[in-house]
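protein_22.json follows; it contains JSON, C-alpha atoms.
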```
[["chain", "number", "residue", "atom", "x", "y", "z"],
["A", 1, "MET", "CA", -45.10, 3.52, -41.96],
["A", 2, "PRO", "CA", -45.36, 0.15, -40.20],
["A", 3, "THR", "CA", -45.24, -2.94, -42.36],
["A", 4, "GLU", "CA", -48.78, -3.96, -41.38],
["A", 5, "GLU", "CA", -50.15, -0.68, -42.75],
["A", 6, "LEU", "CA", -48.16, -1.14, -45.96],
["A", 7, "ARG", "CA", -49.56, -4.65, -46.36],
["A", 8, "ALA", "CA", -53.10, -3.40, -45.68],
["A", 9, "MET", "CA", -52.68, -0.74, -48.39],
["A", 10, "GLY", "CA", -51.48, -3.42, -50.80],
["A", 11, "ALA", "CA", -48.02, -1.85, -51.06],
["A", 12, "VAL", "CA", -46.41, -5.05, -49.83],
["A", 13, "SER", "CA", -47.66, -8.32, -51.18],
["A", 14, "GLY", "CA", -46.37, -11.85, -51.42],
["A", 15, "ILE", "CA", -43.60, -11.23, -48.91],
["A", 16, "ALA", "CA", -42.83, -13.65, -46.11],
["A", 17, "SER", "CA", -44.72, -12.85, -42.95],
["A", 18, "GLY", "CA", -43.68, -13.52, -39.41],
["A", 19, "PHE", "CA", -41.57, -10.42, -38.87],
["A", 20, "PRO", "CA", -42.59, -8.32, -35.89],
["A", 21, "PRO", "CA", -43.20, -4.63, -36.55],
["A", 22, "ARG", "CA", -40.06, -2.53, -36.42],
["A", 23, "ALA", "CA", -39.46, -1.38, -32.88],
["A", 24, "ALA", "CA", -39.11, 2.35, -32.41],
["A", 25, "ALA", "CA", -35.37, 2.74, -32.08],
["A", 26, "GLY", "CA", -35.07, 6.47, -32.24],
["A", 27, "PRO", "CA", -36.15, 9.21, -34.61],
["A", 28, "ARG", "CA", -37.68, 7.89, -37.80],
["A", 29, "ALA", "CA", -36.61, 9.60, -41.00],
["A", 30, "ALA", "CA", -39.08, 11.96, -42.57],
["A", 31, "ALA", "CA", -40.42, 10.76, -45.87],
["A", 32, "GLY", "CA", -38.45, 12.16, -48.76],
["A", 33, "PRO", "CA", -39.16, 12.07, -52.46],
["A", 34, "VAL", "CA", -40.70, 8.89, -53.75],
["A", 35, "SER", "CA", -38.14, 6.51, -55.24],
["A", 36, "PRO", "CA", -38.64, 5.28, -58.78],
["A", 37, "ALA", "CA", -38.62, 1.73, -57.39],
["A", 38, "ALA", "CA", -41.92, 0.27, -58.49],
["A", 39, "ASP", "CA", -41.62, -3.22, -57.05],
["A", 40, "ALA", "CA", -43.77, -4.23, -54.11],
["A", 41, "GLU", "CA", -40.78, -5.22, -51.98],
["A", 42, "GLY", "CA", -39.35, -1.67, -51.83],
["A", 43, "PRO", "CA", -41.25, -0.43, -48.75],
["A", 44, "TYR", "CA", -40.67, -3.72, -46.93],
["A", 45, "ALA", "CA", -36.96, -3.66, -47.82],
["A", 46, "MET", "CA", -36.65, -0.14, -46.39],
["A", 47, "GLU", "CA", -38.46, -1.28, -43.24],
["A", 48, "LEU", "CA", -36.00, -4.15, -42.77],
["A", 49, "LEU", "CA", -32.96, -1.97, -43.50],
["A", 50, "GLY", "CA", -34.12, 0.31, -40.70],
["A", 51, "ARG", "CA", -33.57, -2.58, -38.25],
["A", 52, "VAL", "CA", -29.81, -2.86, -38.81],
["A", 53, "SER", "CA", -26.99, -0.32, -39.03],
["A", 54, "TYR", "CA", -24.38, -1.85, -41.30],
["A", 55, "GLY", "CA", -24.27, -3.56, -44.65],
["A", 56, "ARG", "CA", -22.14, -4.02, -47.75],
["A", 57, "LEU", "CA", -21.77, -1.70, -50.72],
["A", 58, "ALA", "CA", -20.93, -3.36, -54.05],
["A", 59, "THR", "CA", -19.97, -2.00, -57.47],
["A", 60, "SER", "CA", -17.00, -2.23, -59.78],
["A", 61, "MET", "CA", -13.84, -0.21, -60.16],
["A", 62, "ARG", "CA", -11.88, -0.54, -63.41],
["A", 63, "ALA", "CA", -14.15, -3.49, -64.34],
["A", 64, "MET", "CA", -13.28, -5.36, -61.12],
["A", 65, "PRO", "CA", -16.08, -5.95, -58.59],
["A", 66, "PHE", "CA", -15.60, -4.98, -54.96],
["A", 67, "VAL", "CA", -17.58, -5.03, -51.72],
["A", 68, "ALA", "CA", -17.04, -2.54, -48.89],
["A", 69, "PRO", "CA", -18.54, -2.21, -45.41],
["A", 70, "ALA", "CA", -20.85, 0.75, -44.91],
["A", 71, "ARG", "CA", -23.03, 2.31, -42.21],
["A", 72, "HIS", "CA", -26.49, 3.30, -43.40],
["A", 73, "ILE", "CA", -29.62, 5.17, -42.43],
["A", 74, "VAL", "CA", -32.97, 4.96, -44.17],
["A", 75, "ARG", "CA", -34.32, 8.31, -45.36],
["A", 76, "GLY", "CA", -37.71, 8.12, -46.99],
["A", 77, "CYS", "CA", -37.44, 5.68, -49.88],
["A", 78, "GLY", "CA", -33.67, 6.01, -50.06],
["A", 79, "VAL", "CA", -30.59, 5.03, -48.11],
["A", 80, "VAL", "CA", -27.74, 7.31, -47.02],
["A", 81, "LEU", "CA", -24.42, 5.48, -46.70],
["A", 82, "ARG", "CA", -21.26, 6.38, -44.76],
["A", 83, "ILE", "CA", -17.97, 4.82, -45.84],
["A", 84, "HIS", "CA", -14.29, 5.58, -45.27],
["A", 85, "ARG", "CA", -12.92, 8.09, -47.79],
["A", 86, "GLY", "CA", -9.50, 6.44, -47.58],
["A", 87, "PHE", "CA", -10.80, 3.35, -49.37],
["A", 88, "GLY", "CA", -11.37, 5.52, -52.47],
["A", 89, "TYR", "CA", -14.51, 3.57, -53.34],
["A", 90, "HIS", "CA", -16.71, 6.65, -53.32],
["A", 91, "ARG", "CA", -15.09, 7.80, -56.57],
["A", 92, "ALA", "CA", -16.18, 4.60, -58.32],
["A", 93, "CYS", "CA", -19.67, 4.78, -56.81],
["A", 94, "ASN", "CA", -20.53, 8.43, -57.43],
["A", 95, "GLY", "CA", -22.90, 8.60, -60.39],
["A", 96, "SER", "CA", -22.78, 4.84, -60.90],
["A", 97, "VAL", "CA", -25.12, 1.94, -60.30],
["A", 98, "VAL", "CA", -24.35, 0.20, -57.02],
["A", 99, "ALA", "CA", -25.88, -2.55, -54.93],
["A", 100, "TYR", "CA", -26.26, -2.28, -51.18],
["A", 101, "GLY", "CA", -27.12, -5.24, -49.02],
["A", 102, "ALA", "CA", -27.73, -5.87, -45.34],
["A", 103, "ASP", "CA", -29.12, -8.80, -43.40],
["A", 104, "SER", "CA", -30.07, -10.26, -40.05],
["A", 105, "PHE", "CA", -27.93, -13.39, -40.45],
["A", 106, "ASP", "CA", -26.08, -12.82, -37.18],
["A", 107, "SER", "CA", -29.33, -12.63, -35.21],
["A", 108, "GLY", "CA", -29.50, -16.35, -34.51],
["A", 109, "GLY", "CA", -33.27, -16.21, -34.94],
["A", 110, "ARG", "CA", -35.63, -18.67, -36.62],
["A", 111, "THR", "CA", -36.34, -16.33, -39.53],
["A", 112, "MET", "CA", -33.48, -14.43, -41.09],
["A", 113, "TRP", "CA", -33.67, -11.95, -43.94],
["A", 114, "SER", "CA", -31.44, -10.33, -46.52],
["A", 115, "VAL", "CA", -32.17, -7.11, -48.41],
["A", 116, "GLN", "CA", -30.48, -5.87, -51.57],
["A", 117, "CYS", "CA", -31.13, -2.45, -53.10],
["A", 118, "THR", "CA", -29.79, -1.47, -56.50],
["A", 119, "GLY", "CA", -29.70, 2.00, -57.96],
["A", 120, "MET", "CA", -27.66, 5.12, -58.65],
["A", 121, "ALA", "CA", -25.36, 6.46, -55.92],
["A", 122, "LYS", "CA", -24.49, 10.12, -55.48],
["A", 123, "ILE", "CA", -22.10, 11.78, -53.03],
["A", 124, "VAL", "CA", -24.05, 14.03, -50.65],
["A", 125, "GLN", "CA", -23.51, 16.24, -47.64],
["A", 126, "PRO", "CA", -25.74, 14.87, -44.84],
["A", 127, "THR", "CA", -28.00, 17.14, -42.85],
["A", 128, "ASP", "CA", -27.41, 17.69, -39.14],
["A", 129, "ASP", "CA", -30.34, 15.36, -38.41],
["A", 130, "GLU", "CA", -28.81, 12.64, -40.60],
["A", 131, "LEU", "CA", -25.45, 13.01, -38.86],
["A", 132, "LEU", "CA", -27.20, 12.46, -35.52],
["A", 133, "LEU", "CA", -28.85, 9.31, -36.86],
["A", 134, "PHE", "CA", -25.48, 7.95, -38.00],
["A", 135, "GLY", "CA", -24.03, 8.35, -34.52],
["A", 136, "ASP", "CA", -20.34, 8.09, -33.71],
["A", 137, "GLU", "CA", -17.80, 7.42, -36.42],
["A", 138, "PRO", "CA", -15.22, 4.67, -36.12],
["A", 139, "LEU", "CA", -11.83, 5.90, -34.92],
["A", 140, "ARG", "CA", -9.89, 3.99, -37.56],
["A", 141, "ALA", "CA", -10.40, 2.08, -40.79],
["A", 142, "ASP", "CA", -7.62, -0.32, -41.74],
["A", 143, "GLY", "CA", -5.31, 1.49, -39.30],
["A", 144, "GLU", "CA", -5.98, 4.96, -40.76],
["A", 145, "ARG", "CA", -7.95, 7.75, -39.12],
["A", 146, "PHE", "CA", -11.55, 7.31, -40.29],
["A", 147, "GLU", "CA", -12.63, 10.04, -42.69],
["A", 148, "PRO", "CA", -16.30, 9.79, -43.68],
["A", 149, "VAL", "CA", -17.82, 10.26, -47.08],
["A", 150, "TYR", "CA", -21.59, 10.04, -47.58],
["A", 151, "MET", "CA", -23.62, 8.80, -50.52],
["A", 152, "ARG", "CA", -27.32, 8.61, -51.20],
["A", 153, "LEU", "CA", -28.72, 5.55, -52.94],
["A", 154, "GLU", "CA", -32.13, 5.86, -54.60],
["A", 155, "PRO", "CA", -33.08, 2.22, -55.22],
["A", 156, "GLN", "CA", -34.52, 1.36, -58.61],
["A", 157, "PHE", "CA", -35.45, -2.01, -57.20],
["A", 158, "ALA", "CA", -35.09, -3.92, -53.97],
["A", 159, "THR", "CA", -35.26, -7.60, -53.13],
["A", 160, "VAL", "CA", -35.95, -9.37, -49.86],
["A", 161, "HIS", "CA", -34.95, -12.98, -49.25],
["A", 162, "THR", "CA", -35.78, -14.97, -46.13],
["A", 163, "LEU", "CA", -34.49, -18.16, -44.55],
["A", 164, "ASP", "CA", -36.89, -19.91, -42.19],
["A", 165, "TYR", "CA", -35.60, -22.51, -39.72],
["A", 166, "LEU", "CA", -37.46, -24.86, -37.42],
["A", 167, "GLU", "CA", -35.67, -23.45, -34.37],
["A", 168, "GLU", "CA", -33.28, -20.63, -33.52],
["A", 169, "GLN", "CA", -29.81, -20.97, -34.99],
["A", 170, "LEU", "CA", -26.62, -20.98, -32.95],
["A", 171, "ASN", "CA", -23.90, -18.68, -34.24],
["A", 172, "GLN", "CA", -21.16, -21.31, -34.37],
["A", 173, "HIS", "CA", -18.79, -20.92, -37.28],
["A", 174, "SER", "CA", -15.90, -23.15, -36.28],
["A", 175, "GLU", "CA", -14.98, -25.88, -33.81]]
```

Give the structure from the file, written as structure tokens.
Amino acid sequence: MPTEELRAMGAVSGIASGFPPRAAAGPRAAAGPVSPAADAEGPYAMELLGRVSYGRLATSMRAMPFVAPARHIVRGCGVVLRIHRGFGYHRACNGSVVAYGADSFDSGGRTMWSVQCTGMAKIVQPTDDELLLFGDEPLRADGERFEPVYMRLEPQFATVHTLDYLEEQLNQHSE
């Protein structure tokens, strides 16, 4: 559902405006079961996540925090993640609370956003339609043949943060 409709229904309130509606970039996921996330930012966070393909998965393993790159697709009110099995992180995530974040910080635009979703992760077998949405897998991860593992995250809550600049930002990170 487009963000404007969500705002009109009152599902999204008090969130920074100025974002254009999400462009149709391929098949949109069919709505799945409603997430227990009750906050007003949930639908807007899912809308923004649908605009980017990669983010960062965070949890802890043996009481030590870690962050791992992940590919994602939005499915209903949840997110399906694809990570490299060789990292071993899926074992720490399965059945545990994780955070997943993605952003538009590399866009160079005037308004940039960051989304974080937190909830329980569960290893899943993606459907054929989901596999098509994920697209090609990387060939290698840290020099090893990439072996995918998939997890579904049902956010309990989601947050959206924005940074507004006077003009577009150059992506210069060093001299």

Requested in this report: Name the closest residue to Asp142 in chain A among the candidates A:Arg51, A:Arg110, A:His84, A:Arg56; distances are taken between atoms, counting only C-alpha atoms.
Outcome: A:His84

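Between CA of Thr118 in chain A and CA of Gly86 in chain A the separation is 23.5 Å.
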
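From CA of Val67 in chain A back to CA of His161 in chain A, the distance works out to 19.3 Å.
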
**Report entry** Residue contacts of Gly95 in chain A (12 Å, only C-alpha atoms) excluding same-chain residues fewer than 3 positions away, as a list in words
**Finding:** Thr59, His90, Arg91, Ala92, Val98, Gly119, Met120, Ala121, Lys122, Ile123, Val124, Met151, Arg152, Leu153 and Glu154 of chain A

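Taking only C-alpha atoms into account, the residues near (-8.3, 7.6, -48.1), no farther than 12 Å, are Ile83, His84, Arg85, Gly86, Phe87, Gly88, Tyr89, His90, Arg91, Arg140, Ala141, Asp142, Gly143, Glu144, Arg145, Phe146, Glu147, Pro148 and Val149 of chain A.
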
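Picture a line from CA of Cys117 in chain A to CA of Tyr100 in chain A; it runs 5.2 Å.
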
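Distance check against Met112 in chain A using all atoms listed in the file: of A:Met46, A:Leu163, A:Cys77, A:Met61, the minimum falls on A:Leu163.
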
Give me, as a tab-separated table, the closest atom pair and its distance (Å, one decimal) for every residue of range 56-96 of chain A within a cut-off of 10 Å of range 130-134 of chain A, counting all atoms listed in the file, rows sorted by chain and rising number.
```
residue	atom	partner	partner_atom	distance
A:Arg71	CA	A:Phe134	CA	7.5
A:His72	CA	A:Phe134	CA	7.2
A:Ile73	CA	A:Phe134	CA	6.7
A:Val74	CA	A:Glu130	CA	9.4
A:Arg75	CA	A:Glu130	CA	8.5
A:Val80	CA	A:Glu130	CA	8.4
A:Leu81	CA	A:Phe134	CA	9.1
A:Arg82	CA	A:Phe134	CA	8.1
```

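Among the candidates A:Glu168, A:Ala70, A:Glu41, A:Pro65, the one nearest to Glu137 in chain A when counting all atoms listed in the file is A:Ala70.
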
As AutoDock Vina command-line options: centre and edge lengths in Å, one decimal, of the axis-aligned box holding range 159-171 of chain A with 3 Å per side:
```
--center_x -30.7 --center_y -16.2 --center_z -43.0 --size_x 19.6 --size_y 23.3 --size_z 26.2
```
